[in-house]
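Enquirer: Just dropping this structure here.
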Amino acid sequence: MNDSEIPEDLEVFYEALLFIAERPLSSTELGELAGVPRLQAEAALSSLAERLDEDERGIRLQHHDDAWQLVTAPAVGARLAAYAAREEARLSPAALEALAVVAYRQPCTRGDVERVRGVDSDYVMRSLMHRRLVVEVGRRDTPGRPVLFGTTFTFLERFGLTSIDDLPPLSSEAAQLTALTDSTAGADGE
Amino acid sequence: MQPIPVEADAVIAVPIGDVEFILDLSVFEGPLQLLLHLIESRQLDVLTVPLAEVADAYVEHLTRHPVDAANLSEFVATAAQLIYLKSRRMLPAEPLPPLPDGTDEPDEDELRRRLLEYRALRDAAVKLGERDGIRPLVRREPRDSDLPEAPAEPMSVAILAAALERLASIPEPMSPPPEIVAREITIGQQIGVLRRALSRSGRIVLQSILARCQSRTEAAVTFLATLELVRRRQVTARQDELFGPIVVESLPEAGT
C-alpha cells in the first residue's frame with residue numbers, strides 16, 4: 001500500500017462523513033463507505049488526524065479500538081462548558097487508581113487491578129463501568145476465563161485524550177516492571 | 001550498618017509525628033498504599049530502603065487504626081511478610097534452607113516490585129485526576145432520542161376536539177358529604193366488572209365500559225384493570241386507529 005495512491009479527496013470525504021456521523025465509525029465501515037480497502041481508509045484517517053492536529057483546528061479525530069469520531073479540540077474544551085456542560089462528579093482517588101490500571105494495562109482483568117492495588121476493587125470497577133469509562137472487551141484465555149476490561153471513548157473524551165497513545169507515559173522504572181509483570185502473569189496463567 | 005531510619009518506638013515517642021500520623025492515615029484502602037505512605041512520609045527511597053525496617057511502623061499502624069474489613073486479610077498478609085523479612089535480617093546471615101515445596105517464601109524483591117508498580121500507577125492516577133474533565137473533548141450530540149418516529153399521518157383538529165368532548169362527558173365526581181368515606185375503587189373490582197362484561201360476548205369495546213364510569217378515577221382504574229388483564233394474557237386489546245374504539249377480547253385460556 002502506497003501512501004501517495006490515496007485519493008486527495010478521501011480525507012475531505014472522511015472529514016465530512018465523520019462530521020455528520022452521530023456515533024464512532026469503524027475502519028471497515030469507513031472503507032466500505034468510500035469504496036476503498038480498509039488499510040487505505042486507515043491511512044487517510046491517520047493523515048486527517050495529523051492534519052487537524054498540526055493545523056490546530058477546532059476539531060480532532062479521535063480513535064479507539066479501530067473506531068473513529070470527530071471531537072472538539074482539547075484547547076477549547078473548557079470554554080465549551082457553557083454549551084455542552086456535563087457536570088460529572090469527580091472520581092475518587094480509589095476509582096482513579098483502578099481506572100489508571102485499566103487504562104495503562106488494558107485489556108486487563110479485575111484480578112490484575114486488585115493485584116496492583118492490593119485492594120478489593122469490585123466496587124470501584126463497577127462504578128467505573130456504570131460511568132461507562134470502562135467496559136468488558138473480552139475474556140482472558142486462562143482458567144475461569146476472567147472478563148477483560150478496557151477503556152472507552154467516554155474515558156478519552158473526559159480526560160481530553162485523542163487516543164490511548166496520548167496517555168502520559170508511566171515512569172521508566174514502571175515501564176521495566178511491566179515487562180516483568182507480563183512474564184509473571186504468563187506464569188500465573190498456567 | 002546504617003542507622004535504622006524507621007523505628008516504631010520513635011514514631012510513638014514523637015508527639016508531632018504522631019499527630020501527623022493520625023491526620024494523614026485516616027483511611028488506607030490497601031496494604032501497599034499504607035506501606036508506601038510509611039516509606040514516603042519518612043522520605044526514604046522505595047528502591048533502597050530495606051522493607052524489613054518498615055515492619056514495626058506498619059504493625060504499629062495496624063494496632064492503632066481500624067482497617068477496612070474487606071481488605072483485612074491483605075493487610076495481615078503484608079504484615080506477616082514484613083515481620084518475616086525483619087526476622088530474617090535479625091538472624092545470623094546464614095542462607096535459610098529452601099522451603100520444602102520451594103515456593104511461598106515471602107520475597108523482599110517481589111514486595112518491592114509490587115510497591116513500585118503500585119506507586120507508578122498511583123502517580124499516573126493522580127495525573128489522570130488532574131486532567132479529569134478539565135479539557136474534555138466533546139463529540140456531536142445525537143439529534144434526537146432513539147424512540148421510533150411518531151406516525152406521520154396528518155390528523156384533523158376535529159379528532160382532538162372529539163377526544164376532548166369525550167373526556168368532558170365523563171362527569172366530575174359529586175363532592176360527597178364530608179362524613180361519608182369516599183368510595184374506593186380497586187383494580188380487582190374493575191377486573192370483575194370487565195370479566196362480567198366479557199362473559200356475555202367475549203368481546204367488548206372498552207369505551208362503552210368507560211362511559212359508565214362515575215368518575216375519572218374509576219375510568220383510570222378500569223383502564224389499569226384492562227392493562228392488568230392484558231399482562232396476565234387473559235385478554236387482548238386492539239385499537240386500529242388513534243382514538244378509535246379499543247376492542248378487548250377474552251383469550252381462550254382465560255376461562256373464568
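Each chain in the C-alpha cells gets a letter, A, B, ..., in the order shown, and its residues are numbered from 1; ligands are numbered from 1 in order too.
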Could you give me, as a PyMOL selection string, the residues within 12 Å of His37 in chain B, counting only C-alpha atoms and dropping anything in the same chain fewer than 2 positions from it?
Expert: chain B and resi 21+24-35+39-46+54+57-58+61+115+118-119+122
Enquirer: Up to 6 Å from chain A, what residues of chain B turn up? Count only C-alpha atoms and give them as a PyMOL selection string.
Expert: chain B and resi 30+117-118+120+122+125+131-133+135-139+142
Enquirer: Give me a file of those residues, with C-alpha atoms, as a PDB file, in the first residue's frame.
Expert:
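Heads up, here's the output in part_7.pdb:
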ATOM      1  CA  GLY B  30      -4.828  -1.218  50.850  1.00  0.00           C
ATOM      2  CA  GLU B 117       4.273  -0.867  40.311  1.00  0.00           C
ATOM      3  CA  TYR B 118       1.634   0.409  42.671  1.00  0.00           C
ATOM      4  CA  ALA B 120       3.788   4.203  39.303  1.00  0.00           C
ATOM      5  CA  ARG B 122      -0.911   5.646  41.776  1.00  0.00           C
ATOM      6  CA  ALA B 125      -3.872   8.057  38.659  1.00  0.00           C
ATOM      7  CA  ARG B 131      -6.999  16.254  33.859  1.00  0.00           C
ATOM      8  CA  ASP B 132     -10.368  14.817  34.851  1.00  0.00           C
ATOM      9  CA  GLY B 133     -12.907  16.883  32.949  1.00  0.00           C
ATOM     10  CA  ARG B 135     -10.249  19.942  28.955  1.00  0.00           C
ATOM     11  CA  PRO B 136     -12.821  17.443  27.812  1.00  0.00           C
ATOM     12  CA  LEU B 137     -13.273  16.526  24.200  1.00  0.00           C
ATOM     13  CA  VAL B 138     -16.863  16.865  23.129  1.00  0.00           C
ATOM     14  CA  ARG B 139     -18.468  14.800  20.419  1.00  0.00           C
ATOM     15  CA  PRO B 142     -27.272  12.815  18.760  1.00  0.00           C
TER      16      PRO B 142
END
Enquirer: Calculate how many Å separate CA of Trp68 in chain A from CA of Ser27 in chain A, rounding to one decimal.
Expert: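 Calculated distance between CA of Trp68 in chain A and CA of Ser27 in chain A is 7.4 Å.
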Enquirer: Enter the distance from CA of Leu206 in chain B to CA of Pro245 in chain B, in Å, rounded to one decimal.
Expert: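 These atoms are spaced 7.1 Å apart.
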Enquirer: According to DSSP computed on the backbone, where in range 3-145 of chain A is there alpha helix (DSSP H)? Give the residues as a PyMOL selection string.
Expert: chain A and resi 8-20+27-34+38-54+74-77+81-84+93-105+110-117+122-130
Enquirer: Could you tell me how far CA of Val59 in chain B sits from CA of Leu85 in chain B, in Å to one decimal place?
Expert: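 The value is 13.2 Å.
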Enquirer: Skipping near chain neighbours, those fewer than 3 positions away, what residues fall within 12 Å of Leu224 in chain B using only C-alpha atoms, listed as a ChimeraX atom specification?
Expert: /B:185-191,194,206,210,217-221,227-231
Enquirer: Restricting it to N, CA and C atoms, dump the selection as a tab-separated table (two decimals), in the first residue's frame.
Expert:
chain	number	residue	atom	x	y	z
B	185	ILE	N	-62.13	2.47	44.67
B	185	ILE	CA	-62.24	1.58	43.53
B	185	ILE	C	-60.90	0.88	43.36
B	186	THR	N	-60.94	-0.42	43.31
B	186	THR	CA	-59.69	-1.15	43.17
B	186	THR	C	-59.61	-1.78	41.78
B	187	ILE	N	-58.37	-2.08	41.41
B	187	ILE	CA	-58.18	-2.75	40.12
B	187	ILE	C	-58.90	-4.09	40.14
B	188	GLY	N	-58.86	-4.77	41.28
B	188	GLY	CA	-59.54	-6.06	41.40
B	188	GLY	C	-61.03	-5.95	41.08
B	189	GLN	N	-61.66	-4.93	41.67
B	189	GLN	CA	-63.09	-4.72	41.39
B	189	GLN	C	-63.33	-4.53	39.90
B	190	GLN	N	-62.50	-3.67	39.29
B	190	GLN	CA	-62.74	-3.34	37.89
B	190	GLN	C	-62.43	-4.53	36.99
B	191	ILE	N	-61.50	-5.38	37.44
B	191	ILE	CA	-61.27	-6.62	36.69
B	191	ILE	C	-62.56	-7.43	36.70
B	194	LEU	N	-64.92	-5.93	34.22
B	194	LEU	CA	-64.54	-6.27	32.84
B	194	LEU	C	-64.89	-7.73	32.53
B	206	LEU	N	-63.90	-1.09	24.99
B	206	LEU	CA	-63.54	-0.55	26.31
B	206	LEU	C	-64.26	0.77	26.59
B	210	LEU	N	-66.00	2.47	29.92
B	210	LEU	CA	-65.51	3.74	30.49
B	210	LEU	C	-66.65	4.76	30.57
B	217	THR	N	-61.36	8.78	38.27
B	217	THR	CA	-60.58	7.76	38.97
B	217	THR	C	-61.06	6.38	38.55
B	218	GLU	N	-62.38	6.22	38.54
B	218	GLU	CA	-62.93	4.92	38.18
B	218	GLU	C	-62.53	4.55	36.75
B	219	ALA	N	-62.57	5.54	35.86
B	219	ALA	CA	-62.18	5.29	34.47
B	219	ALA	C	-60.71	4.89	34.40
B	220	ALA	N	-59.90	5.61	35.16
B	220	ALA	CA	-58.46	5.33	35.12
B	220	ALA	C	-58.18	3.93	35.66
B	221	VAL	N	-58.86	3.57	36.76
B	221	VAL	CA	-58.63	2.26	37.35
B	221	VAL	C	-59.12	1.16	36.41
B	227	LEU	N	-55.23	-3.18	31.40
B	227	LEU	CA	-53.81	-3.45	31.19
B	227	LEU	C	-53.35	-4.67	31.98
B	228	GLU	N	-53.89	-4.78	33.20
B	228	GLU	CA	-53.52	-5.90	34.05
B	228	GLU	C	-53.95	-7.23	33.40
B	229	LEU	N	-55.17	-7.25	32.85
B	229	LEU	CA	-55.67	-8.46	32.20
B	229	LEU	C	-54.83	-8.79	30.96
B	230	VAL	N	-54.40	-7.75	30.26
B	230	VAL	CA	-53.56	-7.97	29.10
B	230	VAL	C	-52.24	-8.58	29.55
B	231	ARG	N	-51.73	-8.02	30.67
B	231	ARG	CA	-50.46	-8.50	31.17
B	231	ARG	C	-50.55	-9.98	31.56
Enquirer: Applying 10 Å and only C-alpha atoms, which residues near range 48-51 of chain B remain after dropping the ones on its own chain fewer than 6 positions away? List them as a VMD selection string.
Expert: chain B and resid 4 to 6 35 39 81 to 83 85 to 86 89 108 to 109 111 to 112
Enquirer: Show me, as a ChimeraX atom specification, the residues that have an atom within 7 Å of Val235 in chain B when counting only C-alpha atoms, minus same-chain residues fewer than 2 positions from it.
Expert: /B:229-230,233,237,248-251
Enquirer: Those selected residues, please, written with all heavy atoms and delivered as a short mmCIF file (atom, residue, chain, number, x, y, z; two decimals), in the first residue's frame.
Expert:
data_model
loop_
_atom_site.label_atom_id
_atom_site.label_comp_id
_atom_site.auth_asym_id
_atom_site.auth_seq_id
_atom_site.Cartn_x
_atom_site.Cartn_y
_atom_site.Cartn_z
N LEU B 229 -55.17 -7.25 32.85
CA LEU B 229 -55.67 -8.46 32.20
C LEU B 229 -54.83 -8.79 30.96
O LEU B 229 -54.56 -9.95 30.67
CB LEU B 229 -57.15 -8.29 31.82
CG LEU B 229 -58.12 -8.36 33.00
CD1 LEU B 229 -59.55 -8.07 32.54
CD2 LEU B 229 -58.08 -9.74 33.66
N VAL B 230 -54.40 -7.75 30.26
CA VAL B 230 -53.56 -7.97 29.10
C VAL B 230 -52.24 -8.58 29.55
O VAL B 230 -51.73 -9.52 28.96
CB VAL B 230 -53.31 -6.64 28.34
CG1 VAL B 230 -52.25 -6.85 27.26
CG2 VAL B 230 -54.60 -6.13 27.72
N ARG B 233 -52.26 -12.05 30.20
CA ARG B 233 -52.61 -12.76 28.96
C ARG B 233 -53.99 -13.40 29.04
O ARG B 233 -54.22 -14.50 28.56
CB ARG B 233 -51.57 -13.83 28.64
CG ARG B 233 -50.18 -13.26 28.44
CD ARG B 233 -49.23 -14.33 27.97
NE ARG B 233 -47.86 -13.95 28.25
CZ ARG B 233 -47.21 -12.98 27.61
NH1 ARG B 233 -47.81 -12.32 26.65
NH2 ARG B 233 -45.97 -12.68 27.93
N ALA B 237 -56.06 -6.57 23.68
CA ALA B 237 -56.66 -5.28 23.42
C ALA B 237 -56.13 -4.77 22.10
O ALA B 237 -54.94 -4.94 21.80
CB ALA B 237 -56.34 -4.30 24.54
N VAL B 248 -61.54 -5.12 23.38
CA VAL B 248 -60.94 -6.04 24.34
C VAL B 248 -61.59 -7.40 24.14
O VAL B 248 -62.81 -7.50 24.09
CB VAL B 248 -61.15 -5.57 25.78
CG1 VAL B 248 -60.56 -6.56 26.77
CG2 VAL B 248 -60.55 -4.19 25.97
N GLU B 249 -60.77 -8.43 23.96
CA GLU B 249 -61.30 -9.76 23.67
C GLU B 249 -60.73 -10.78 24.65
O GLU B 249 -59.54 -10.74 24.96
CB GLU B 249 -60.87 -10.15 22.25
CG GLU B 249 -62.01 -10.63 21.42
CD GLU B 249 -61.59 -10.77 19.95
OE1 GLU B 249 -60.80 -9.93 19.45
OE2 GLU B 249 -62.03 -11.73 19.33
N SER B 250 -61.58 -11.68 25.14
CA SER B 250 -61.07 -12.73 26.02
C SER B 250 -60.19 -13.67 25.22
O SER B 250 -60.47 -13.95 24.06
CB SER B 250 -62.21 -13.57 26.59
OG SER B 250 -63.12 -12.77 27.24
N LEU B 251 -59.11 -14.14 25.86
CA LEU B 251 -58.33 -15.20 25.25
C LEU B 251 -58.90 -16.53 25.75
O LEU B 251 -59.39 -16.61 26.88
CB LEU B 251 -56.86 -15.07 25.62
CG LEU B 251 -56.13 -13.94 24.88
CD1 LEU B 251 -54.72 -13.83 25.38
CD2 LEU B 251 -56.15 -14.20 23.39
#
Enquirer: List every residue of range 10-69 of chain A that DSSP, applied to the backbone, labels as strand (DSSP E), and write the result as a VMD selection string.
Expert: chain A and resid 25 to 26 59 to 64 67 to 69
Enquirer: When you look at Arg140 in chain A with a cut-off of 10 Å (counting only C-alpha atoms), what residues show up, excluding the ones that are within fewer than 3 positions of it in the same chain? I need them as an mmCIF file with all heavy atoms, in the first residue's frame.
Expert:
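For reference, part_36.cif as written:
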data_model
loop_
_atom_site.group_PDB
_atom_site.id
_atom_site.type_symbol
_atom_site.label_atom_id
_atom_site.label_comp_id
_atom_site.auth_asym_id
_atom_site.auth_seq_id
_atom_site.Cartn_x
_atom_site.Cartn_y
_atom_site.Cartn_z
ATOM 1 N N PRO A 107 -5.872 -4.778 27.594
ATOM 2 C CA PRO A 107 -7.010 -5.246 28.379
ATOM 3 C C PRO A 107 -6.519 -5.962 29.630
ATOM 4 O O PRO A 107 -5.527 -6.678 29.579
ATOM 5 C CB PRO A 107 -7.706 -6.227 27.429
ATOM 6 C CG PRO A 107 -6.609 -6.759 26.568
ATOM 7 C CD PRO A 107 -5.576 -5.656 26.468
ATOM 8 N N CYS A 108 -7.221 -5.779 30.735
ATOM 9 C CA CYS A 108 -6.802 -6.456 31.959
ATOM 10 C C CYS A 108 -8.028 -6.894 32.762
ATOM 11 O O CYS A 108 -9.130 -6.397 32.535
ATOM 12 C CB CYS A 108 -5.889 -5.567 32.790
ATOM 13 S SG CYS A 108 -6.709 -4.174 33.532
ATOM 14 N N THR A 109 -7.817 -7.811 33.676
ATOM 15 C CA THR A 109 -8.929 -8.349 34.453
ATOM 16 C C THR A 109 -9.065 -7.581 35.762
ATOM 17 O O THR A 109 -8.179 -6.810 36.139
ATOM 18 C CB THR A 109 -8.689 -9.825 34.801
ATOM 19 O OG1 THR A 109 -7.549 -9.891 35.668
ATOM 20 C CG2 THR A 109 -8.426 -10.646 33.562
ATOM 21 N N VAL A 137 -14.242 -6.106 27.354
ATOM 22 C CA VAL A 137 -13.796 -6.177 25.964
ATOM 23 C C VAL A 137 -13.528 -7.612 25.529
ATOM 24 O O VAL A 137 -13.196 -7.845 24.377
ATOM 25 C CB VAL A 137 -12.534 -5.319 25.727
ATOM 26 C CG1 VAL A 137 -12.854 -3.847 25.910
ATOM 27 C CG2 VAL A 137 -11.403 -5.733 26.650
ATOM 28 N N PRO A 143 -7.699 -20.284 33.008
ATOM 29 C CA PRO A 143 -8.770 -20.954 33.756
ATOM 30 C C PRO A 143 -9.745 -19.936 34.353
ATOM 31 O O PRO A 143 -9.328 -18.908 34.867
ATOM 32 C CB PRO A 143 -8.012 -21.695 34.848
ATOM 33 C CG PRO A 143 -6.659 -21.962 34.246
ATOM 34 C CD PRO A 143 -6.378 -20.800 33.350
ATOM 35 N N GLY A 144 -11.018 -20.218 34.242
ATOM 36 C CA GLY A 144 -12.030 -19.309 34.742
ATOM 37 C C GLY A 144 -12.420 -18.264 33.718
ATOM 38 O O GLY A 144 -13.410 -17.578 33.880
ATOM 39 N N ARG A 145 -11.635 -18.180 32.648
ATOM 40 C CA ARG A 145 -11.900 -17.190 31.597
ATOM 41 C C ARG A 145 -12.379 -15.856 32.158
ATOM 42 O O ARG A 145 -13.507 -15.435 31.921
ATOM 43 C CB ARG A 145 -12.925 -17.746 30.594
ATOM 44 C CG ARG A 145 -12.398 -18.970 29.876
ATOM 45 C CD ARG A 145 -13.284 -19.561 28.812
ATOM 46 N NE ARG A 145 -14.007 -18.630 27.961
ATOM 47 C CZ ARG A 145 -13.466 -17.943 26.966
ATOM 48 N NH1 ARG A 145 -12.179 -18.051 26.725
ATOM 49 N NH2 ARG A 145 -14.198 -17.151 26.228
ATOM 50 N N PRO A 146 -11.499 -15.187 32.938
ATOM 51 C CA PRO A 146 -11.928 -13.935 33.556
ATOM 52 C C PRO A 146 -12.208 -12.847 32.515
ATOM 53 O O PRO A 146 -11.609 -12.851 31.446
ATOM 54 C CB PRO A 146 -10.727 -13.540 34.430
ATOM 55 C CG PRO A 146 -9.568 -14.228 33.813
ATOM 56 C CD PRO A 146 -10.095 -15.502 33.236
ATOM 57 N N VAL A 147 -13.122 -11.965 32.861
ATOM 58 C CA VAL A 147 -13.509 -10.872 31.963
ATOM 59 C C VAL A 147 -12.362 -9.873 31.836
ATOM 60 O O VAL A 147 -11.717 -9.518 32.817
ATOM 61 C CB VAL A 147 -14.756 -10.154 32.514
ATOM 62 C CG1 VAL A 147 -15.083 -8.926 31.668
ATOM 63 C CG2 VAL A 147 -15.940 -11.105 32.550
ATOM 64 N N LEU A 148 -12.107 -9.458 30.599
ATOM 65 C CA LEU A 148 -11.095 -8.425 30.359
ATOM 66 C C LEU A 148 -11.772 -7.070 30.209
ATOM 67 O O LEU A 148 -12.845 -6.969 29.604
ATOM 68 C CB LEU A 148 -10.324 -8.749 29.080
ATOM 69 C CG LEU A 148 -9.349 -9.917 29.177
ATOM 70 C CD1 LEU A 148 -8.921 -10.364 27.774
ATOM 71 C CD2 LEU A 148 -8.126 -9.527 29.993
ATOM 72 N N PHE A 149 -11.163 -6.049 30.770
ATOM 73 C CA PHE A 149 -11.738 -4.707 30.700
ATOM 74 C C PHE A 149 -10.828 -3.785 29.891
ATOM 75 O O PHE A 149 -9.610 -3.965 29.849
ATOM 76 C CB PHE A 149 -11.908 -4.124 32.103
ATOM 77 C CG PHE A 149 -12.903 -4.868 32.929
ATOM 78 C CD1 PHE A 149 -12.505 -5.838 33.832
ATOM 79 C CD2 PHE A 149 -14.270 -4.607 32.796
ATOM 80 C CE1 PHE A 149 -13.427 -6.535 34.587
ATOM 81 C CE2 PHE A 149 -15.195 -5.293 33.542
ATOM 82 C CZ PHE A 149 -14.778 -6.255 34.443
ATOM 83 N N GLY A 189 -0.776 -17.905 34.635
ATOM 84 C CA GLY A 189 -1.877 -18.413 33.835
ATOM 85 C C GLY A 189 -1.807 -19.909 33.605
ATOM 86 O O GLY A 189 -2.752 -20.506 33.127
#
Enquirer: Of the candidates B:Met174, B:Val205, B:Leu36, B:Leu167, which shows the shortest atom-to-atom distance to Asp123 in chain B, using only C-alpha atoms?
Expert: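 Nearest to Asp123 in chain B: B:Leu36.
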